[in-house]
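protein.cif follows (mmCIF, C-alpha atoms):
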```cif
data_query
#
loop_
_atom_site.label_atom_id
_atom_site.label_comp_id
_atom_site.auth_asym_id
_atom_site.auth_seq_id
_atom_site.Cartn_x
_atom_site.Cartn_y
_atom_site.Cartn_z
CA MET A 1 25.13 -23.50 -7.36
CA TYR A 2 28.25 -24.01 -9.44
CA LEU A 3 30.92 -22.51 -7.20
CA PRO A 4 34.52 -22.92 -8.38
CA PRO A 5 37.02 -21.94 -5.62
CA HIS A 6 38.21 -18.79 -7.42
CA PHE A 7 34.67 -17.37 -7.36
CA GLU A 8 33.73 -18.44 -3.85
CA GLU A 9 33.10 -15.39 -1.64
CA THR A 10 34.69 -16.00 1.74
CA ASP A 11 34.80 -12.40 3.00
CA PRO A 12 31.96 -12.10 5.56
CA SER A 13 31.72 -8.33 5.02
CA GLN A 14 31.00 -8.83 1.30
CA ILE A 15 28.31 -11.40 2.14
CA TYR A 16 26.58 -9.40 4.88
CA GLU A 17 26.72 -6.12 2.94
CA LEU A 18 25.17 -7.72 -0.11
CA ILE A 19 22.23 -8.98 1.97
CA ASP A 20 21.90 -5.52 3.52
CA GLU A 21 22.14 -3.58 0.26
CA PHE A 22 19.89 -5.87 -1.80
CA PRO A 23 17.22 -7.07 0.68
CA LEU A 24 14.65 -8.29 -1.89
CA ALA A 25 15.37 -12.01 -1.81
CA VAL A 26 13.92 -14.79 -3.91
CA LEU A 27 12.47 -17.34 -1.50
CA VAL A 28 12.35 -20.73 -3.25
CA ALA A 29 10.68 -23.86 -1.95
CA GLN A 30 9.84 -27.29 -3.23
CA THR A 31 6.09 -27.95 -2.87
CA GLU A 32 3.46 -30.45 -4.00
CA GLN A 33 2.79 -28.01 -6.86
CA GLY A 34 6.45 -28.02 -7.93
CA ILE A 35 9.02 -25.32 -7.31
CA VAL A 36 7.51 -22.10 -6.01
CA ALA A 37 9.38 -18.78 -5.79
CA ASN A 38 8.37 -15.51 -4.14
CA HIS A 39 10.15 -12.15 -3.95
CA ILE A 40 10.27 -10.96 -0.35
CA PRO A 41 12.52 -8.45 1.47
CA LEU A 42 14.41 -10.23 4.25
CA MET A 43 16.52 -8.99 7.14
CA LEU A 44 19.43 -10.84 8.65
CA GLN A 45 19.23 -11.13 12.46
CA GLU A 46 22.36 -11.83 14.51
CA LYS A 47 23.82 -13.62 11.47
CA GLN A 48 21.68 -16.60 12.45
CA GLU A 49 18.26 -16.12 10.96
CA LEU A 50 16.36 -14.23 8.30
CA LEU A 51 13.22 -12.34 9.20
CA GLY A 52 10.34 -11.65 6.81
CA HIS A 53 6.60 -11.59 6.30
CA LEU A 54 4.14 -12.52 3.60
CA ALA A 55 0.52 -11.91 2.73
CA LEU A 56 -1.90 -14.28 4.42
CA ASN A 57 -3.33 -14.84 0.92
CA ASN A 58 0.05 -16.15 -0.25
CA ASP A 59 -0.43 -19.91 -0.08
CA LEU A 60 3.29 -20.45 0.61
CA HIS A 61 2.56 -20.92 4.31
CA GLN A 62 0.10 -23.67 3.41
CA LEU A 63 2.28 -25.37 0.78
CA VAL A 64 5.46 -25.28 2.89
CA SER A 65 5.33 -26.58 6.47
CA SER A 66 7.10 -25.02 9.42
CA GLY A 67 10.55 -26.59 9.64
CA GLN A 68 10.85 -27.29 5.91
CA GLU A 69 14.04 -26.31 4.12
CA VAL A 70 13.89 -23.32 1.78
CA LEU A 71 16.47 -21.49 -0.31
CA THR A 72 16.78 -17.70 -0.29
CA ILE A 73 18.75 -15.91 -2.99
CA PHE A 74 20.18 -12.41 -2.65
CA ARG A 75 21.70 -10.84 -5.74
CA GLY A 76 23.59 -7.60 -6.27
CA GLU A 77 24.27 -5.86 -9.55
CA ASP A 78 25.12 -7.92 -12.60
CA ALA A 79 26.71 -6.94 -15.88
CA TYR A 80 27.65 -8.32 -19.27
CA ILE A 81 31.44 -8.12 -19.67
CA SER A 82 32.75 -7.49 -23.16
CA PRO A 83 36.18 -8.82 -24.29
CA ASN A 84 36.78 -5.27 -25.60
CA TRP A 85 37.22 -4.12 -22.00
CA TYR A 86 40.38 -6.17 -21.42
CA PRO A 87 43.58 -4.19 -22.16
CA THR A 88 45.34 -7.49 -22.90
CA LYS A 89 42.88 -8.30 -25.69
CA PRO A 90 44.93 -6.81 -28.58
CA ILE A 91 47.97 -8.71 -27.27
CA HIS A 92 46.72 -12.31 -27.37
CA HIS A 93 42.96 -12.17 -28.17
CA LYS A 94 42.34 -15.03 -25.76
CA HIS A 95 39.14 -13.60 -24.32
CA VAL A 96 35.44 -14.29 -24.65
CA PRO A 97 32.40 -12.54 -23.18
CA THR A 98 31.20 -13.39 -19.70
CA TRP A 99 28.76 -12.17 -17.07
CA ASN A 100 29.70 -10.74 -13.69
CA TYR A 101 27.49 -10.95 -10.62
CA GLN A 102 27.51 -11.32 -6.86
CA VAL A 103 25.05 -13.60 -5.10
CA VAL A 104 24.44 -15.08 -1.68
CA HIS A 105 22.44 -18.29 -1.36
CA ILE A 106 21.14 -19.05 2.12
CA TYR A 107 19.54 -22.35 2.98
CA GLY A 108 17.48 -22.64 6.13
CA LYS A 109 14.36 -23.91 7.84
CA ILE A 110 11.30 -21.71 7.76
CA TYR A 111 9.11 -21.16 10.85
CA TYR A 112 5.91 -19.11 10.68
CA GLN A 113 4.96 -16.65 13.41
CA ASN A 114 1.32 -15.69 13.78
CA ASP A 115 1.38 -13.81 17.05
CA GLU A 116 0.95 -10.05 16.92
CA LYS A 117 4.27 -9.29 18.60
CA SER A 118 6.26 -11.22 15.99
CA LYS A 119 4.30 -9.69 13.13
CA LEU A 120 4.87 -6.18 14.48
CA ALA A 121 8.58 -6.91 14.89
CA ALA A 122 8.87 -8.24 11.33
CA VAL A 123 7.33 -5.17 9.71
CA GLY A 124 8.67 -2.71 12.27
CA LYS A 125 12.35 -3.64 11.93
CA LEU A 126 12.22 -3.61 8.14
CA THR A 127 10.39 -0.27 8.12
CA LYS A 128 12.88 1.32 10.53
CA LYS A 129 15.87 0.19 8.52
CA MET A 130 14.51 1.18 5.11
CA GLU A 131 13.01 4.49 6.25
CA GLU A 132 16.23 5.61 7.95
CA ARG A 133 18.13 4.72 4.80
CA THR A 134 15.62 6.40 2.48
CA ASN A 135 14.41 9.43 4.39
CA GLY A 136 16.81 9.94 7.31
CA GLU A 137 15.38 12.46 9.73
CA THR A 138 12.03 12.57 7.94
CA ALA A 139 11.63 8.79 8.25
CA TRP A 140 8.03 7.59 8.16
CA ARG A 141 7.02 5.78 11.34
CA MET A 142 4.36 3.18 11.83
CA ALA A 143 2.76 5.46 14.43
CA ASP A 144 2.02 7.86 11.54
CA ALA A 145 -0.76 5.54 10.33
CA PRO A 146 -4.13 5.10 12.08
CA SER A 147 -3.95 2.17 14.51
CA ASP A 148 -7.18 0.53 13.25
CA TYR A 149 -5.76 0.60 9.73
CA LEU A 150 -2.46 -0.95 10.89
CA ASN A 151 -4.21 -3.64 12.89
CA ASP A 152 -6.26 -4.65 9.84
CA LEU A 153 -3.06 -4.91 7.79
CA LEU A 154 -1.31 -6.98 10.47
CA GLU A 155 -4.22 -9.40 10.44
CA ASN A 156 -3.54 -10.04 6.76
CA ILE A 157 0.11 -11.04 7.03
CA VAL A 158 2.13 -13.95 8.41
CA ALA A 159 5.61 -13.36 9.81
CA PHE A 160 8.33 -15.94 9.50
CA ARG A 161 11.93 -16.56 10.42
CA ILE A 162 14.37 -18.79 8.57
CA GLU A 163 16.93 -20.58 10.73
CA ILE A 164 20.08 -20.52 8.63
CA THR A 165 21.75 -23.87 7.93
CA LYS A 166 24.12 -22.94 5.08
CA ILE A 167 25.46 -19.78 3.41
CA LEU A 168 27.08 -19.82 -0.03
CA GLY A 169 28.63 -16.65 -1.41
CA LYS A 170 29.72 -16.21 -5.01
CA SER A 171 31.52 -13.15 -6.38
CA LYS A 172 32.07 -13.61 -10.08
CA VAL A 173 33.76 -10.26 -10.71
CA SER A 174 36.72 -10.84 -13.04
CA GLN A 175 39.07 -11.68 -10.16
CA ASN A 176 40.36 -14.62 -12.22
CA ARG A 177 41.72 -12.14 -14.81
CA GLU A 178 45.08 -10.44 -15.01
CA ALA A 179 45.25 -7.39 -12.73
CA ILE A 180 45.29 -4.92 -15.64
CA ASP A 181 42.12 -6.50 -17.09
CA PHE A 182 40.39 -6.70 -13.70
CA ASP A 183 41.14 -3.02 -13.03
CA ASN A 184 39.73 -1.85 -16.34
CA VAL A 185 36.55 -3.91 -15.97
CA ALA A 186 36.01 -2.22 -12.57
CA ASN A 187 36.54 1.18 -14.23
CA VAL A 188 34.12 0.50 -17.09
CA LEU A 189 31.48 -0.78 -14.67
CA ALA A 190 31.85 2.37 -12.55
CA GLU A 191 31.41 4.51 -15.70
CA GLN A 192 28.33 2.48 -16.65
CA GLY A 193 26.75 3.14 -13.26
CA SER A 194 27.31 -0.30 -11.71
CA THR A 195 28.73 1.44 -8.67
CA HIS A 196 27.90 -1.29 -6.17
CA MET A 197 29.83 -3.88 -8.15
CA SER A 198 32.78 -1.62 -8.94
CA THR A 199 33.04 -0.60 -5.25
CA ARG A 200 33.13 -4.26 -4.25
CA MET A 201 35.73 -5.00 -6.93
CA ASN A 202 37.90 -2.16 -5.63
CA ARG A 203 37.76 -3.76 -2.18
CA ILE A 204 38.86 -7.08 -3.68
CA ARG A 205 41.73 -5.21 -5.37
CA GLU A 206 42.76 -3.61 -2.05
CA ASN A 207 42.71 -6.97 -0.28
CA ARG A 208 44.79 -8.44 -3.10
CA GLU A 209 47.36 -5.67 -2.70
CA LYS A 210 47.62 -6.28 1.05
CA GLU A 211 48.49 -9.95 0.53
CA MET B 1 4.38 -17.15 -6.79
CA TYR B 2 1.72 -15.13 -5.01
CA LEU B 3 0.02 -13.38 -7.91
CA PRO B 4 -3.10 -11.36 -7.07
CA PRO B 5 -4.98 -10.27 -10.23
CA HIS B 6 -4.12 -6.58 -9.85
CA PHE B 7 -0.39 -7.39 -10.04
CA GLU B 8 -0.55 -9.99 -12.81
CA GLU B 9 1.35 -8.77 -15.87
CA THR B 10 -0.67 -9.65 -18.96
CA ASP B 11 1.00 -7.29 -21.44
CA PRO B 12 3.28 -9.49 -23.62
CA SER B 13 5.53 -6.54 -24.47
CA GLN B 14 6.27 -5.95 -20.76
CA ILE B 15 7.08 -9.65 -20.31
CA TYR B 16 9.30 -10.03 -23.37
CA GLU B 17 11.12 -6.75 -22.80
CA LEU B 18 11.93 -7.67 -19.23
CA ILE B 19 13.50 -10.95 -20.37
CA ASP B 20 15.43 -9.05 -23.02
CA GLU B 21 16.64 -6.24 -20.74
CA PHE B 22 17.52 -8.45 -17.75
CA PRO B 23 18.86 -11.67 -19.31
CA LEU B 24 20.66 -13.03 -16.22
CA ALA B 25 18.07 -15.54 -15.02
CA VAL B 26 18.04 -17.68 -11.90
CA LEU B 27 17.65 -21.28 -13.05
CA VAL B 28 16.14 -23.29 -10.20
CA ALA B 29 15.75 -27.05 -10.06
CA GLN B 30 14.78 -29.66 -7.54
CA THR B 31 17.53 -32.28 -7.22
CA GLU B 32 18.53 -35.18 -4.97
CA GLN B 33 20.71 -32.64 -3.16
CA GLY B 34 17.75 -30.32 -2.55
CA ILE B 35 16.94 -27.10 -4.40
CA VAL B 36 19.80 -25.91 -6.61
CA ALA B 37 19.95 -22.46 -8.23
CA ASN B 38 22.35 -21.08 -10.83
CA HIS B 39 22.61 -17.63 -12.42
CA ILE B 40 22.76 -17.97 -16.19
CA PRO B 41 22.00 -15.52 -19.03
CA LEU B 42 19.16 -16.88 -21.17
CA MET B 43 17.72 -15.86 -24.54
CA LEU B 44 14.13 -16.28 -25.59
CA GLN B 45 13.74 -18.00 -28.97
CA GLU B 46 10.51 -17.64 -30.95
CA LYS B 47 8.67 -17.12 -27.64
CA GLN B 48 8.76 -20.90 -27.23
CA GLU B 49 12.07 -21.79 -25.67
CA LEU B 50 14.95 -20.39 -23.68
CA LEU B 51 18.50 -20.94 -24.86
CA GLY B 52 21.55 -21.07 -22.58
CA HIS B 53 24.79 -22.80 -21.72
CA LEU B 54 26.64 -23.84 -18.62
CA ALA B 55 30.12 -24.99 -17.63
CA LEU B 56 30.70 -28.70 -18.07
CA ASN B 57 32.00 -28.61 -14.48
CA ASN B 58 28.59 -27.39 -13.30
CA ASP B 59 26.98 -30.58 -12.02
CA LEU B 60 23.49 -29.29 -12.86
CA HIS B 61 23.45 -31.37 -16.04
CA GLN B 62 24.16 -34.46 -13.94
CA LEU B 63 21.71 -33.65 -11.14
CA VAL B 64 18.85 -32.66 -13.45
CA SER B 65 17.89 -35.03 -16.29
CA SER B 66 16.91 -33.96 -19.78
CA GLY B 67 13.16 -33.43 -19.78
CA GLN B 68 12.93 -32.45 -16.11
CA GLU B 69 10.97 -29.34 -15.17
CA VAL B 70 12.94 -26.29 -14.06
CA LEU B 71 11.96 -22.77 -13.08
CA THR B 72 13.71 -19.71 -14.51
CA ILE B 73 13.29 -16.31 -12.87
CA PHE B 74 13.91 -12.98 -14.62
CA ARG B 75 13.80 -9.86 -12.49
CA GLY B 76 13.99 -6.19 -13.40
CA GLU B 77 14.68 -3.30 -11.07
CA ASP B 78 13.22 -3.32 -7.59
CA ALA B 79 12.75 -0.53 -5.08
CA TYR B 80 11.60 0.14 -1.56
CA ILE B 81 8.56 2.45 -1.67
CA SER B 82 8.17 4.89 1.20
CA PRO B 83 4.73 6.11 2.34
CA ASN B 84 6.25 9.62 2.20
CA TRP B 85 6.07 9.44 -1.60
CA TYR B 86 2.26 9.32 -1.73
CA PRO B 87 0.70 12.79 -2.10
CA THR B 88 -2.45 11.45 -0.41
CA LYS B 89 -0.50 10.54 2.73
CA PRO B 90 -1.10 13.83 4.62
CA ILE B 91 -4.82 13.52 3.78
CA HIS B 92 -5.66 10.15 5.33
CA HIS B 93 -2.33 8.54 6.42
CA LYS B 94 -3.60 5.13 5.30
CA HIS B 95 -0.31 4.02 3.79
CA VAL B 96 2.47 1.65 4.75
CA PRO B 97 5.80 0.85 3.08
CA THR B 98 5.98 -1.71 0.31
CA TRP B 99 8.39 -3.01 -2.30
CA ASN B 100 7.99 -2.66 -6.05
CA TYR B 101 9.41 -5.10 -8.58
CA GLN B 102 8.77 -6.74 -11.93
CA VAL B 103 9.45 -10.43 -12.45
CA VAL B 104 8.81 -13.13 -15.01
CA HIS B 105 8.75 -16.76 -13.92
CA ILE B 106 9.06 -19.30 -16.73
CA TYR B 107 8.56 -22.99 -16.14
CA GLY B 108 9.80 -25.44 -18.73
CA LYS B 109 11.56 -28.69 -19.50
CA ILE B 110 15.32 -28.60 -19.90
CA TYR B 111 17.11 -30.47 -22.71
CA TYR B 112 20.90 -30.54 -22.96
CA GLN B 113 22.71 -30.16 -26.27
CA ASN B 114 26.25 -31.47 -26.56
CA ASP B 115 26.83 -31.19 -30.29
CA GLU B 116 29.21 -28.49 -31.48
CA LYS B 117 26.62 -26.75 -33.67
CA SER B 118 24.21 -26.24 -30.78
CA LYS B 119 26.99 -25.05 -28.48
CA LEU B 120 28.22 -22.55 -31.06
CA ALA B 121 24.67 -21.29 -31.58
CA ALA B 122 24.09 -20.86 -27.82
CA VAL B 123 27.21 -18.74 -27.29
CA GLY B 124 27.10 -17.06 -30.69
CA LYS B 125 23.55 -15.73 -30.45
CA LEU B 126 24.09 -14.38 -26.93
CA THR B 127 27.41 -12.79 -27.94
CA LYS B 128 25.89 -11.13 -31.01
CA LYS B 129 22.99 -9.67 -29.06
CA MET B 130 25.04 -8.41 -26.12
CA GLU B 131 27.93 -7.07 -28.22
CA GLU B 132 25.62 -5.12 -30.54
CA ARG B 133 23.90 -3.65 -27.51
CA THR B 134 27.17 -2.86 -25.70
CA ASN B 135 29.58 -1.87 -28.46
CA GLY B 136 27.50 -1.27 -31.58
CA GLU B 137 29.78 -0.97 -34.60
CA THR B 138 32.85 -2.02 -32.63
CA ALA B 139 31.16 -5.24 -31.49
CA TRP B 140 33.55 -8.05 -30.58
CA ARG B 141 33.09 -11.11 -32.74
CA MET B 142 33.89 -14.71 -31.97
CA ALA B 143 36.16 -14.74 -35.01
CA ASP B 144 38.38 -12.24 -33.16
CA ALA B 145 39.60 -15.05 -30.87
CA PRO B 146 42.02 -17.83 -31.97
CA SER B 147 40.03 -20.85 -33.15
CA ASP B 148 42.03 -23.35 -31.05
CA TYR B 149 41.26 -21.28 -27.98
CA LEU B 150 37.54 -21.13 -28.85
CA ASN B 151 37.37 -24.85 -29.51
CA ASP B 152 38.90 -25.60 -26.11
CA LEU B 153 36.29 -23.36 -24.47
CA LEU B 154 33.43 -24.98 -26.37
CA GLU B 155 34.59 -28.39 -25.15
CA ASN B 156 34.09 -27.16 -21.60
CA ILE B 157 30.45 -26.10 -21.88
CA VAL B 158 27.06 -27.76 -22.32
CA ALA B 159 24.30 -25.96 -24.20
CA PHE B 160 20.67 -26.38 -23.27
CA ARG B 161 17.22 -25.30 -24.29
CA ILE B 162 14.19 -25.03 -22.05
CA GLU B 163 10.85 -25.84 -23.67
CA ILE B 164 8.47 -23.35 -22.10
CA THR B 165 5.37 -24.77 -20.42
CA LYS B 166 4.17 -21.77 -18.37
CA ILE B 167 4.90 -18.04 -18.13
CA LEU B 168 3.90 -15.96 -15.10
CA GLY B 169 4.42 -12.20 -15.16
CA LYS B 170 4.13 -9.98 -12.10
CA SER B 171 4.38 -6.19 -12.14
CA LYS B 172 4.07 -4.90 -8.60
CA VAL B 173 4.49 -1.22 -9.42
CA SER B 174 1.95 0.77 -7.38
CA GLN B 175 -0.78 0.30 -9.99
CA ASN B 176 -3.20 -0.50 -7.14
CA ARG B 177 -2.74 3.05 -5.81
CA GLU B 178 -4.65 6.22 -6.61
CA ALA B 179 -3.43 7.81 -9.85
CA ILE B 180 -1.83 10.78 -8.06
CA ASP B 181 0.16 8.41 -5.80
CA PHE B 182 1.14 6.11 -8.67
CA ASP B 183 2.38 9.06 -10.71
CA ASN B 184 4.53 10.44 -7.93
CA VAL B 185 6.09 7.05 -7.17
CA ALA B 186 7.07 6.83 -10.86
CA ASN B 187 8.61 10.31 -10.64
CA VAL B 188 10.59 9.54 -7.48
CA LEU B 189 11.87 6.27 -8.97
CA ALA B 190 13.00 8.12 -12.11
CA GLU B 191 14.84 10.68 -9.93
CA GLN B 192 16.47 7.83 -7.98
CA GLY B 193 17.77 6.26 -11.18
CA SER B 194 15.31 3.35 -11.42
CA THR B 195 14.71 4.34 -15.03
CA HIS B 196 13.68 0.90 -16.26
CA MET B 197 10.91 0.66 -13.70
CA SER B 198 9.71 4.24 -14.11
CA THR B 199 9.63 3.82 -17.91
CA ARG B 200 7.50 0.70 -17.52
CA MET B 201 5.22 2.49 -15.06
CA ASN B 202 4.74 5.33 -17.52
CA ARG B 203 3.65 2.77 -20.11
CA ILE B 204 1.12 1.37 -17.64
CA ARG B 205 -0.11 4.93 -17.07
CA GLU B 206 -0.50 5.49 -20.83
CA ASN B 207 -2.42 2.23 -21.24
CA ARG B 208 -4.66 3.24 -18.32
CA GLU B 209 -5.41 6.59 -19.97
CA LYS B 210 -6.35 4.88 -23.26
CA GLU B 211 -8.95 2.71 -21.54
#
```
Is it possible to give me this structure as structure tokens?
Amino acid sequence: MYLPPHFEETDPSQIYELIDEFPLAVLVAQTEQGIVANHIPLMLQEKQELLGHLALNNDLHQLVSSGQEVLTIFRGEDAYISPNWYPTKPIHHKHVPTWNYQVVHIYGKIYYQNDEKSKLAAVGKLTKKMEERTNGETAWRMADAPSDYLNDLLENIVAFRIEITKILGKSKVSQNREAIDFDNVANVLAEQGSTHMSTRMNRIRENREKE
Amino acid sequence: MYLPPHFEETDPSQIYELIDEFPLAVLVAQTEQGIVANHIPLMLQEKQELLGHLALNNDLHQLVSSGQEVLTIFRGEDAYISPNWYPTKPIHHKHVPTWNYQVVHIYGKIYYQNDEKSKLAAVGKLTKKMEERTNGETAWRMADAPSDYLNDLLENIVAFRIEITKILGKSKVSQNREAIDFDNVANVLAEQGSTHMSTRMNRIRENREKE
């Protein structure tokens, strides 16, 4: 990934929150059939590994061996940024359009887990997290489903963990602009409903003010 | 990509609209340095090629030769789907959580374009499309910026086109569920603000009713 220093995300909280808030990763691997990509929700464990599962019918676990390097991509909100949003535009007109986004690229080695305990952990942890977030006290629990039905489903998945070797974070959110332009972009994005990105930009602004 | 027949998107309008509505693609390539991914807005041209540009400082154009195959990934909204949203849940409880998403994977061969005309076309077409969408009659135009400033910027980019060789569309949007469950998922997603996905699901529902 092209990662100029002014867009490199070095704040661990921004990186870990993005993974937590946007769990549907793109898992990319090089295979004999070329580049293959799948969209799979992943959970970070102890900041050291990613946990996930895939359908047994997904040939990824046949095309990509245990121990092979894969890339996972997490992406937050993105937005087209118009030059019209910069208050300094009428002053010097030295602006062009751009695109804002926040991404985390995690490289690691994938290891499949076929035992029932690992498979239950992979689906159970994800379910618990997402149900608490979505439904709170009325969270659905795996025990709500018939056990025969669950066992059949578990037989049709493969769990995996990805041992993390490298994390790259990129926040391309107008932080290379003048403060007055940065602030207005954050405001317009909030008005447009890109609340995740504007919240993260406000945090960057607060950190900037502390320095 | 794992693409079971019931999730394969075969409706061209769904595929082309997704590319149009979510232009920020992930461009993935295999290189000597492993898998490299960049986030770049792309435009579909005549349904045959994708047009884009990247910073000259982005080493992608050095790592990946003209004519090499790359994968581009377009993704719309995604959402965690709770079993609680299925009206049939209290009847048989045979439901588990899942994730809905729509993606388009386009494979093609990348060709760089360094001449000024191609570079102007790559930025100009994207600007026109996004400004008309964002600002309508007050659209920013490239002529609004000083020409020396624009020329300096153009010298620092490389345009490219990707000759499309394969398009895979996947709509994983509960269409394998009973109609009553599908309909309620679409309603909940609309309430949650996933309006793109719920709109697309309603179109799938309408097509289903015509059959």
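Those residues that approach segment 16-19 of chain B to within 9 Å, counting only C-alpha atoms, are Asp11, Pro12, Pro23, Leu24, Ala25, Leu42, Met43, Leu44, Lys47, Phe74, Arg75, Gly76, Gln102, Val103 and Val104 of chain B; same-chain residues fewer than 4 positions away are not listed.
Within 12 Å of the file-frame point (-2.8, 4.8, -10.9), and using all atoms listed in the file, the polymer residues found are His6, Tyr86, Val173, Ser174, Gln175, Asn176, Arg177, Glu178, Ala179, Ile180, Asp181, Phe182, Asp183, Asn184, Val185, Ala186, Met201, Asn202, Arg203, Ile204, Arg205, Glu206, Asn207, Arg208 and Glu209 of chain B.
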Give, as AutoDock Vina command-line options, the centre coordinates and the x, y and z edge lengths in Å to one decimal for an axis-aligned box around all listed atoms of segment 38-44 of chain B, padded by 8 Å on each side.
```
--center_x 18.4 --center_y -18.3 --center_z -18.2 --size_x 24.6 --size_y 21.6 --size_z 30.8
```
Query raised in the report: Selected by the PyMOL selection byres ((chain B) within 6 of (chain A)) in the shown coordinates: which residues, as JSON, numbers by chain?
Result: {"B": [1, 2, 36, 37, 38, 58, 93, 94, 145]}
Selection in question (the file shown): the PyMOL selection byres ((chain B and resi 67) around 7). Which residues does it include, as a PDB file with C-alpha atoms, in the coordinates of the input?
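The file below, result.pdb, is the result:
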```
ATOM      1  CA  SER B  65      17.890 -35.030 -16.290  1.00  0.00           C
ATOM      2  CA  SER B  66      16.910 -33.960 -19.780  1.00  0.00           C
ATOM      3  CA  GLN B  68      12.930 -32.450 -16.110  1.00  0.00           C
ATOM      4  CA  GLU B  69      10.970 -29.340 -15.170  1.00  0.00           C
ATOM      5  CA  LYS B 109      11.560 -28.690 -19.500  1.00  0.00           C
ATOM      6  CA  ILE B 110      15.320 -28.600 -19.900  1.00  0.00           C
ATOM      7  CA  TYR B 111      17.110 -30.470 -22.710  1.00  0.00           C
TER       8      TYR B 111
END
```
Report summary line: note - atom CA of Ser171 of chain B and atom CA of Lys119 of chain A are separated by 25.5 Å
Query raised in the report: Between atom CA of Leu51 of chain A and atom CA of Lys129 of chain A, what is the spacing in Å?
Result: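 So the answer is 12.8 Å.
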**Report entry** Atomic distance atom CA of Gln45 of chain A - atom CA of Lys117 of chain A, expressed in Å with one decimal
**Finding:** 16.3 Å
**Report entry** Neighbour list for segment 155-159 of chain A as a ChimeraX atom specification, cut-off 7 Å, only C-alpha atoms, skip fewer than 4 positions in-chain
**Finding:** /A:52-56,112-114,118-119,122,151
Please output segment 144-158 of chain A, rebuilt to include N, CA and C atoms, as a short mmCIF file (atom, residue, chain, number, x, y, z; two decimals), in the coordinates of the input.
```
data_model
loop_
_atom_site.label_atom_id
_atom_site.label_comp_id
_atom_site.auth_asym_id
_atom_site.auth_seq_id
_atom_site.Cartn_x
_atom_site.Cartn_y
_atom_site.Cartn_z
N ASP A 144 2.63 6.85 12.40
CA ASP A 144 2.02 7.86 11.54
C ASP A 144 0.69 7.39 10.95
N ALA A 145 0.47 6.08 10.93
CA ALA A 145 -0.76 5.54 10.33
C ALA A 145 -1.79 5.29 11.43
N PRO A 146 -3.08 5.36 11.08
CA PRO A 146 -4.13 5.10 12.08
C PRO A 146 -4.01 3.67 12.62
N SER A 147 -4.21 3.49 13.93
CA SER A 147 -3.95 2.17 14.51
C SER A 147 -4.94 1.12 14.02
N ASP A 148 -6.20 1.50 13.77
CA ASP A 148 -7.18 0.53 13.25
C ASP A 148 -6.73 0.01 11.88
N TYR A 149 -6.25 0.94 11.07
CA TYR A 149 -5.76 0.60 9.73
C TYR A 149 -4.58 -0.37 9.82
N LEU A 150 -3.63 -0.08 10.71
CA LEU A 150 -2.46 -0.95 10.89
C LEU A 150 -2.86 -2.33 11.39
N ASN A 151 -3.79 -2.35 12.35
CA ASN A 151 -4.21 -3.64 12.89
C ASN A 151 -4.85 -4.52 11.81
N ASP A 152 -5.65 -3.88 10.94
CA ASP A 152 -6.26 -4.65 9.84
C ASP A 152 -5.17 -5.24 8.94
N LEU A 153 -4.14 -4.44 8.65
CA LEU A 153 -3.06 -4.91 7.79
C LEU A 153 -2.31 -6.07 8.45
N LEU A 154 -2.04 -5.93 9.76
CA LEU A 154 -1.31 -6.98 10.47
C LEU A 154 -2.09 -8.30 10.47
N GLU A 155 -3.41 -8.18 10.48
CA GLU A 155 -4.22 -9.40 10.44
C GLU A 155 -4.10 -10.13 9.11
N ASN A 156 -3.62 -9.44 8.10
CA ASN A 156 -3.54 -10.04 6.76
C ASN A 156 -2.13 -10.46 6.35
N ILE A 157 -1.23 -10.55 7.33
CA ILE A 157 0.11 -11.04 7.03
C ILE A 157 0.49 -12.19 7.98
N VAL A 158 1.51 -12.91 7.58
CA VAL A 158 2.13 -13.95 8.41
C VAL A 158 3.61 -13.60 8.48
#
```
